[in-house]
Structure formats: structure tokens, C-alpha cells
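Please read the structure below before turning to the comments.
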Amino acid sequence: MFENYFRKDIDWAGKTLTLETGKVARQADGAVMARLGDTIVLCTVVGARSVKPGQDFFPLTVNYQEKAFAAGKIPGGFFKREGRPSESETLISRLIDRPIRPLFPEGFRNEVQVIATVLSHDMENSPDIVAMVGCSAALTISGIPFFGPVGAARVGLIEGAFVLNPTLEQMKTSKLDLVLAGTAEGVLMVESEASELSEDDMLGAVTFGHKGFQPVIEGIIELAERAAKEPWDLPEESAETAALKKKLAELGSASIGEAYKETQKLLRQKKVGEAKKAILAQLSPEEAEAAKGLLKELEADVVRNAILDTGIRIDGRDTKTVRPIVAEVGVLPRSHGSALFTRGETQAFCVATLGTGQDEQIIDQLAGEYRENFMLHYNFPPYSVNETGRMGSPGRREIGHGKLAWRAIKRLLPEKTVFPYTMRVVSEITESNGSSSMATVCGTSLSLMDAGVPLKRPCAGIAMGLIKEEKGFAVLSDILGDEDHLGDMDFKVAGTEEGITSLQMDIKITSITPDIMKIALEQAKGGRMHILGEMAKGLSGARSDVAGNAPKVTIINVPKDKIRDVIGTGGKVIRDIVETTGTKIDIEDDGTIKIAATSPEATQAAIDRIRGITAEPEIGTIYNGTVVKTADFGAFVNFLGAKDGLVHISELSNERVNRTTDIVKQGDKVKVKVLGFDDRGKVKLSMRVVDQSTGADITEQVGARRPREEGEGGEREPRGDREPRGERRERRPRRDFD
């Protein structure tokens with residue numbers, strides 16, 4: 001039945017990677033079931049056979065999706081089915097997209113859709129790498145024009161050694177989480193999070209990973225030799241198009257080159273637009289329509305050649321100079337921490353907010369649920385680039401840029417035991433002309449330090465670019481938006497003065513050499529050190545304390561067996577403490593209690609309540625209490641939180657007491673001393689040995705007295721051999737009044 005079924009097993013770093021095709025999803029142009037361990041991902045590719053009229057771009061869509069059944073789960077929520085893509089699914093979709101996009105032929109405009117579906121997750125092998133490999137294999141056998149295949153791998157750094165495709169458990173102790181993809185010739189994409197590693201370590205990890213995925217590329221080629229479909233015809237450039245390109249260069253190279261000498265972004269865009277209109281006006285209507293898509297190529301040629309020939313960039317800088325920087329902190333009076341970071345015409349307004357454990361984000365993934373106490377949300381409104389546009393939920397770009405900045409900062413944050421706060425940073429991009437994600441890294445670092453978060457060290461980021469032609473190449477520091485669009489590389493590096501914390505690289509050409517990458521890393525280091533110096537002019541380290549309007553978190557510990565007493569039945573006790581003291585309280589399973597409040601008085605009130613519940617009465621200690629009930633034999637007093645004890649009637653006063661209510665009434669505030677415990681563990685208290693006005697212990701002044709047991713009645717016990725008072729007293733004769 002499955003006549004075109006093919007399977008390829010690849011020995012990959014001690015594990016078996018299996019690629020199967022021809023059995024599932026046979027109507028797709030390409031379909032591969034990729035398996036590593038018991039993690040299985042179905043990858044499919046479909047391409048449109050014709051180009052939509054007027055289409056002037058390549059419509060590639062990549063969708064990575066995780067099915068709950070892959071981990072033996074039922075989705076949460078009311079509908080009980082998978083909904084919109086999670087942040088993780090969006091990020092992995094971008095991981096797959098970035099290395100395959102530059103490998104489609106120039107001028108290819110047919111719509112292509114790539115879908116990767118996780119069918120099984122063994123909780124050991126991450127499905128993102130499996131999906132990247134499977135999608136590469138599906139494209140390679142589909143017949144769609146694709147200059148692959150692409151290999152991919154994850155690299156960890158564990159106990160000083162690089163590890164290829166470490167398990168999820170191994171990654172918990174890794175100092176590096178680096179995902180890379182590329183061809184046999186070189187690397188196309190890198191995404192990483194690191195613990196302040198050196199440039200040599202990062203380059204070594206990339207080289208190790210590139211070598212590590214070569215068996216995968218060879219395996220995909222072998223599968224394609226058996227299972228690939230007939231290749232589509234490649235789009236060819238017509239003689240008319242070639243002639244029109246030559247004509248455009250003759251008509252417009254000079255005017256476009258002059259327009260690009262304008263250093264101010266908006267004015268430059270205006271002048272470039274005017275130059276294009278002047279060029280089109282010299283063409284016939286048919287030529288003008290065909291030329292619209294070719295003018296972008298002319299712009300690229302003019303800008304790229306000018307940089308290679310002169311070493312001078314669009315805004316007049318050389319290849320290594322960073323744009324002017326202004327770093328300001330404390331710009332918002334009511335926020336916990338704020339920073340306005342401006343670099344040239346790129347500006348990030350970053351605001352930090354501190355919360356408690358109740359504000360942590362609960363993340364539910366196939367591998368399990370966990371809580372995150374650091375969130376970074378990046379927003380890119382249309383006004384930042386002088387445009388109108390859609391406003392709504394964050395798109396893939398916003399999620400991706402926010403996650404990149406999050407990775408750069410994450411490993412610099414203090415441990416929860418040192419700084420028990422939940423931290424959220426919002427980065428509003430108020431101006432953009434390239435490298436807004438790296439401006440977010442700088443602004444986030446400043447805003448967190450302004451909020452009093454003790455970062456290990458300040459963190460800065462810089463975006464590098466590349467212009468590469470046959471006659472040479474140039475690595476550009478702190479690229480502009482136009483240099484990003486017209487260049488060959490977007491290489492972002494973030495870190496501290498000690499090392500790199502995050503690296504992201506996207507190559508728009510087939511590959512780059514290790515030598516170019518090394519130059520980019522060293523040049524980025526110099527730029528990063530310069531930026532850190534400029535940031536220090538605004539704030540060089542974390543403030544000594546959190547902002548006055550931020551919650552102050554105090555940590556106390558109680559015995560584990562007392563946790564239920566603090567919580568109370570159905571949470572009644574803890575809710576009452578929170579409501580009456582105005583605090584937020586988090587209770588952990590090990591007995592750690594975090595109390596957050598904006599005033600010391602509220603914190604102390606909550607601590608007193610909790611200590612009162614968990615503390616044990618000590619014999620001989622004097623406590624403040626409240627009479628909660630009176631009886632013939634004495635008064636019950638609430639003290640030490642929820643503790644109750646009995647003051648026998650004989651211990652109410654040194655004078656004879658006929659009725660309990662002669663001395664105390666319900667609701668009275670009294671001072672009591674713990675005398676001991678009865679055989680049932682109930683606390684025995686005394687008021688008579690405590691000075692009720694000062695709280696002093698006056699036991700020696702009044703002498704010792706045996707306390708009455710509960711239920712003995714109200715009369716005093718006879719002392720010594722003395723007869724009862726009623727028998728010693730002579731009876732008076734009855735008087736008759738008649």
C-alpha cells in the first residue's frame with residue numbers, strides 16, 4: 001500500500017535519528033516523520049503552483065504546533081482543545097523559518113507553507129531540533145526550489161565540555177543553551193542564552209555545533225536521493241528584465257546615491273522616494289510597472305558598494321563607530337524603575353515593576369508546568385517608524401525580540417532566596433532606526449537597577465551587520481534599519497564586561513566563514529564595552545533598596561507542621577491576615593513565608609499574627625491577651641495569636657474573688673503568665689502574678705499559690721490547719737422584730 005515509503009536511520013551523537021516519508025500526509029508536496037528517542041514530529045510542506053497577481057515578495061509561512069496528546073495531556077480551559085499558538089510555539093516557528101528562508105531562489109514568489117506538528121514527546125529530547133531537521137528534510141524531497149538541506153543542533157556547556165543535543169535534564173546545569181542551523185558550508189542561524197561566556201567560547205560552541213549536525217545533512221541527502229520528487233523549474237531572469245536593470249542603474253545610481261547621503265532617517269526616506277519617482281518618470285508605463293520591484297535591488301547595490309568602496313556608511317559613520325547614546329533613569333515618578341535609552345534614532349522606554357510570588361507567570365508546556373518570576377514584554381507601535389498600522393496582540397516579531405532581550409538578562413538576575421520578587425519589564429519602542437531589541441537590553445538593565453534589582457552586572461547589547469561581495473566584505477557595528485534590510489547579516493550580541501549572555505545571528509546569504517564571525521564577535525565586544533560606559537553615566541549599578549512605592553518583601557520560616565495552622569480551614573486564617581494587615585503573603589511547602597507590604601507596620605502586623613499562630617507558649621513567659629469567655633471557675637484568655645488558656649478564678653487576683661466577672665469581662669485586655677500545662681495539654685495562666693499596668697512579674701511579692709483545677713468551684717482552699725472561716729466565726733443571735 002505504501003509504495004513510496006522510505007526510511008533513513010542516522011547515528012547522531014550516540015542516538016538514532018529516524019526520517020520517514022511516504023506513509024503519512026502523502027498528499028503534501030513533502031512530508032517527513034522525524035523521530036529522536038520517543039520524540040516524534042510530523043513535518044509537511046506545500047507550495048502553490050502559481051504566483052498571485054501582483055505578488056512582489058516571497059510568502060513563506062512556518063507553523064510549529066504542539067499537541068497535548070503528545071505528552072499524554074488534555075488541554076486546560078473550557079474548550080479542551082488547542083488554541084492560539086503559545087509563546088514557545090511562536091518562537092520555535094521563527095527558529096525553523098530563519099535558516100530556511102534565505103535558501104529559496106531569488107525571485108521565487110510562490111506561496112509555501114511549512115507545518116511541524118509534535119505527535120510525541122518523551123520528556124528527554126526537545127522537539128524543536130527534531131522539527132527543524134524534519135522540515136529541512138520535507139523541503140528537500142518536495143521538489144520545491146530549495147538550496148538545502150539544512151542541519152540543526154543544540155549545544156550545551158556542562159562541566160566545562162560542549163555537549164551535542166543535551167537532554168532536558170542535562171540542560172538544567174548547562175551554562176549555555178545554543179541552537180544553530182546551517183548548510184554543509186556554514187552556519188545560517190544562531191540563537192543562544194549563556195552565562196557570561198567569552199567570545200572564544202561562543203565561537204567554539206558554534207563550530208562544535210556546525211560539525212555536529214553534518215551527519216544529519218548527509219542523511220537528508222541520502223533520503224532525497226531515494227524519495228525526492230521531480231524538481232520544479234527555477235524562475236529565470238528574462239533578457240528584458242536584465243536590460244531594464246541596466247537601464248535603471250544608468251538612470252538612477254547617481255540620484256539614489258546622493259539621496260542616501262542624507263543622515264536623518266525621515267528626510268532620507270523622502271529624498272529616496274523622490275529619486276525613485278524621477279527614475280520611473282523617464283520610463284514607459286510598461287517599464288515603470290516592471291521596475292517597481294527592481295528599484296530595491298538598485299538601492300542595495302548603491303548602498304553596499306558605497307560602504308565597501310569608501311568605508312563610510314549611510315549616516316556618515318565608519319564601520320566601528322556606535323551612534324550617540326543618552327541613558328536616563330528614574331524618568332517616571334510612580335514606577336518602581338524606569339529608563340529611557342536613546343541610541344541615535346532608536347529609543348526604548350523601559351519600565352520595571354516588582355511584584356510577589358502571586359504575580360509569577362504559570363507556563364504550561366508539554367514538558368511540564370513551571371513558574372517564571374521574570375517577564376519582559378516588547379512592544380513596537382507603528383508611530384515608532386512614522387507609520388500607521390495595526391494595534392493588537394503581539395506579533396511574532398515582538399515576541400521574538402522580547403525573548404532575545406529576556407535571554408540576555410535572565411542569567412544576571414539574583415536568586416529568589418536573595419531577591420524574592422517577581423519582575424516584569426515592559427519595553428515600549430518609541431523610535432526605531434535599527435537594533436531596537438538591543439536597545440531593549442540596555443534599557444531593561446537600567447530599569448531593573450533603578451528598581452533596586454541587584455543584577456550581577458549591567459548588560460548591554462549591540463547589533464552587527466555585514467556587507468559581503470566578491471571584492472570583499474565589511475562588518476558594521478550598531479547597524480541602521482536600512483543597513484539591516486540591505487545587508488547580508490543581522491548579528492546581535494548582548495553581555496556584560498565579563499562575557500556574552502545572548503547571541504542571535506541570521507545570515508541572508510548561503511553562509512559566512514568562521515573568520516568573519518570571529519571579526520564580528522571581537523568588533524561587537526568593543527562596541528559593547530563602549531555602550532556599557534555610556535550607560536554608567538546614567539546608572540552604574542543597582543540602587544541600594546527598592547523604590548518607596550514598591551512592595552517590601554520579608555521572609556520568615558515556620559515549621560512545616562504549622563503551615564496548615566497558618567492557612568486555616570479553606571484558607572480562612574491566611575485570608576483574614578491578608579485582609580486585616582493589607583499585605584500579600586506567599587507560603588511555600590518548605591515553610592518559607594514571604595510577606596509583601598508597602599509599610600513596615602503592615603509587615604510587622606502580619607509577622608506578629610503568623611508568629612502568634614506558630615509559636616509555642618513558654619512556661620514563665622508573660623503575654624498580652626484578650627478575655628474571650630468567662631465561667632464560674634475562671635476566664636479563658638486568647639494570647640499568642642490563636643492560643644487560648646485558662647486563668648482559674650484563684651489566679652485572677654490576690655484578693656478573694658467570688659465571681660469571675662468581678663475581675664474581668666469578655667473583651668478585656670489583660671496580661672497573663674504561663675504557669676504550665678494540664679494533663680490534656682491545655683495552658684494554665686495567671687493574672688495575679690503579673691502587674692497589669694506594667695506587665696512586670698510580681699511572683700516573689702505575692703508568693704506561690706497552687707492554681708485551682710478546672711471545675712473546683714469558686715471557694716478558696718483552706719490553708720494549713722486553719723479551720724474554715726465559716727466554722728471559726730461565732731454565730732450572731734437572730735433578732736426578732738415582732
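Each chain of the C-alpha cells is named A, B, ... in the order shown, its residues numbered from 1; ligands are numbered from 1 in display order.
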
Assign secondary structure with DSSP using the backbone only, and return the residues of region 595-659 of chain A in strand (DSSP E or B) as an MDAnalysis selection string. chainID A and resid 595:597 622:631 634:639 643:648

Pick out the residues sitting within 10 Å of Val351 (chain A), and hand them over as a PyMOL selection string; count only C-alpha atoms, and ignore anything fewer than 2 positions along from it in its own chain. chain A and resi 329-332+335-340+348-349+353+376+424-428+443-444+446-448+450-451

Which neighbours of region 560-563 of chain A fall inside 8 Å, counting only C-alpha atoms, when residues of the same chain fewer than 4 positions from it are skipped, and could you give them as an mmCIF file with N, CA, C and O atoms, in the first residue's frame?
data_model
loop_
_atom_site.group_PDB
_atom_site.id
_atom_site.type_symbol
_atom_site.label_atom_id
_atom_site.label_comp_id
_atom_site.auth_asym_id
_atom_site.auth_seq_id
_atom_site.Cartn_x
_atom_site.Cartn_y
_atom_site.Cartn_z
ATOM 1 N N ILE A 567 -2.543 28.608 57.301
ATOM 2 C CA ILE A 567 -3.518 28.697 56.209
ATOM 3 C C ILE A 567 -4.938 28.640 56.745
ATOM 4 O O ILE A 567 -5.807 29.411 56.333
ATOM 5 N N ILE A 587 3.056 31.346 50.732
ATOM 6 C CA ILE A 587 3.502 30.261 51.609
ATOM 7 C C ILE A 587 4.004 29.113 50.753
ATOM 8 O O ILE A 587 3.284 28.626 49.878
ATOM 9 N N ASP A 589 5.969 25.195 50.376
ATOM 10 C CA ASP A 589 5.836 23.892 51.023
ATOM 11 C C ASP A 589 6.897 23.631 52.082
ATOM 12 O O ASP A 589 6.696 22.794 52.969
ATOM 13 N N ASP A 590 8.048 24.303 51.984
ATOM 14 C CA ASP A 590 9.113 24.053 52.956
ATOM 15 C C ASP A 590 8.996 24.928 54.201
ATOM 16 O O ASP A 590 9.884 24.923 55.057
ATOM 17 N N GLY A 591 7.901 25.684 54.307
ATOM 18 C CA GLY A 591 7.682 26.539 55.473
ATOM 19 C C GLY A 591 8.169 27.958 55.302
ATOM 20 O O GLY A 591 8.082 28.760 56.238
ATOM 21 N N THR A 614 2.093 30.161 65.126
ATOM 22 C CA THR A 614 3.057 29.062 65.070
ATOM 23 C C THR A 614 3.892 28.909 66.340
ATOM 24 O O THR A 614 4.468 27.851 66.568
#

Mind dumping a table of every region 180-214 of chain A residue within 9 Å of region 409-417 of chain A, with the nearest atom pair and its distance in Å to one decimal, using only C-alpha atoms, sorted by chain and rising number, as JSON lines?
{"residue": "A:Glu193", "atom": "CA", "partner": "A:Arg411", "partner_atom": "CA", "distance": 8.2}
{"residue": "A:Ala194", "atom": "CA", "partner": "A:Arg411", "partner_atom": "CA", "distance": 7.4}
{"residue": "A:Ser195", "atom": "CA", "partner": "A:Arg411", "partner_atom": "CA", "distance": 6.1}
{"residue": "A:Glu196", "atom": "CA", "partner": "A:Arg411", "partner_atom": "CA", "distance": 8.3}

Exercise: Leu308 (chain A) partners within 10 Å, only C-alpha atoms, chain neighbours under 2 positions left out, as a ChimeraX atom specification: /A:303-306,310-313,319,467-469,471-475
